[in-house]
Amino acid sequence: MSELALEELSAIAAIYCEKDECEVLEVSETGGISFRIQTTVKGPLGRDVLLKLLFHLPINYPSSLPNISVNSEQLTRMQCMTVKERLLEEAKKHFSQPMVHELILWIQQNLQQIVEQAETPACCGKSTLSTDTTLDDGVWTVLLHLDHMRAKGRYVKSVEKWCADLRLTGRLMFMGKMILILLQGDRSSIKEYLILQKTSKVDVDSSGKKCKEKMISVLSETKAQSEHQRS
């Protein structure tokens with residue numbers, strides 16, 4: 001993990017120091033750095049939009065680009081995908097330099113224009129979305145298996161919060177000693193959920209210390225048929 005990445009994380013945490021503005025999810029020599037930023041930005045029609053930006057900085061960042069997820073209750077799934085794509089395009093301009101703060105400032109200044117351009121009909125101009133973004137279209141269902149759950153109350157609250165934040169339909173099932181989580185929603189949101197599940201200290205170990213979920217496995221991941229989509 002580069003010193004530049006650690007220094008940037010420290011600076012961002014100092015800048016976004018209000019409650020819930022910055023949440024550090026992981027700092028690891030092997031897994032890199034993951035953190036979430038919440039910021040209020042002017043969106044369509046000048047309305048306030050609460051953006052939730054999840055950044056994952058690989059161990060060789062900034063020599064490689066960050067992974068970014070975008071979520072907002074005020075934006076549609078397609079709008080969030082558009083914002084993500086434009087952020088990744090902007091990130092390429094800052095390659096090999098610390099860029100997260102620059103990306104946050106850039107989206108704060110440009111969100112309204114990006115969203116309004118994305119809503120322009122195709123006949124009136126070129127779409128800002130690449131054809132690749134259609135590959136994950138639709139509702140997906142994923143079934144997860146947990147090895148154990150010691151801090152049940154805390155764990156359940158975390159799952160409920162993540163599902164609500166990411167607008168996922170979820171069900172936690174206890175079948176004897178087997179623990180399953182069934183999720184349904186946008187594939188990008190499911191991927192973000194898995195990052196949160198693996199990088200947050202959601203459970204406790206045998207000594208009672210907070211620990212991350214290292215024993216989660218994906219049993220199945222399928223695109224849901226329309227008649228099987230849950231409301």
# chains A, B, ... in the order shown; residues from 1 in each chain; ligands from 1
>>> select_by_dssp(residues="range 73-185 of chain A", states="strand (DSSP E or B)", output="list in words")
Trp140, Thr141, Val142, Leu143, Leu144, His145, Leu146, Thr169, Gly170, Arg171, Leu172, Met173, Phe174, Met175, Met178, Ile179, Leu180, Ile181, Leu182, Leu183, Gln184 and Gly185 of chain A
>>> residues_around(residues="Val41 in chain A", least_positions_apart="3", cutoff="12 Å", atoms="only C-alpha atoms", output="list in words")
Gln38, Pro44, Leu45, Gly46, Arg47, Asp48, Val49, Leu50, Leu51, Lys52, Leu53, Ser72, Gln74, Leu75, Ile104, Leu105, Trp106, Ile107, Gln108, Gln109, Asn110, Leu111, Gln112, Gln113 and Val115 of chain A
>>> residues_around(residues="Arg86 in chain A", least_positions_apart="3", cutoff="12 Å", atoms="only C-alpha atoms", output="ChimeraX atom specification")
/A:68-70,79-83,89-93,103-104,106-107,110-111,113-115,117-118,127-130
>>> closest_residue(among="A:Ala5, A:Leu182, A:Ala11, A:Cys163", to="Leu196 in chain A", atoms="only C-alpha atoms")
A:Cys163
>>> closest_residue(among="A:Gly170, A:Val159, A:Arg150, A:Leu194", to="Lys210 in chain A", atoms="only C-alpha atoms")
A:Arg150
>>> residues_around(residues="Ser10 in chain A", least_positions_apart="2", cutoff="12 Å", atoms="only C-alpha atoms", output="VMD selection string")
chain A and resid 3 to 8 12 to 17 22 to 24 27 33 35 100 to 101
>>> select_by_dssp(residues="range 16-213 of chain A", states="alpha helix (DSSP H)", output="MDAnalysis selection string")
chainID A and resid 77:92 100:118 152:166 187:199
>>> atom_distance(atom1="CA of Leu168 in chain A", atom2="CA of Arg36 in chain A")
17.8 Å
>>> closest_residue(among="A:Phe95, A:Phe55, A:Trp140, A:Tyr61", to="Arg187 in chain A", atoms="only C-alpha atoms")
A:Trp140
>>> atom_distance(atom1="CA of Pro98 in chain A", atom2="CA of Thr76 in chain A")
29.3 Å
>>> atom_distance(atom1="CA of Leu87 in chain A", atom2="CA of Glu192 in chain A")
16.4 Å
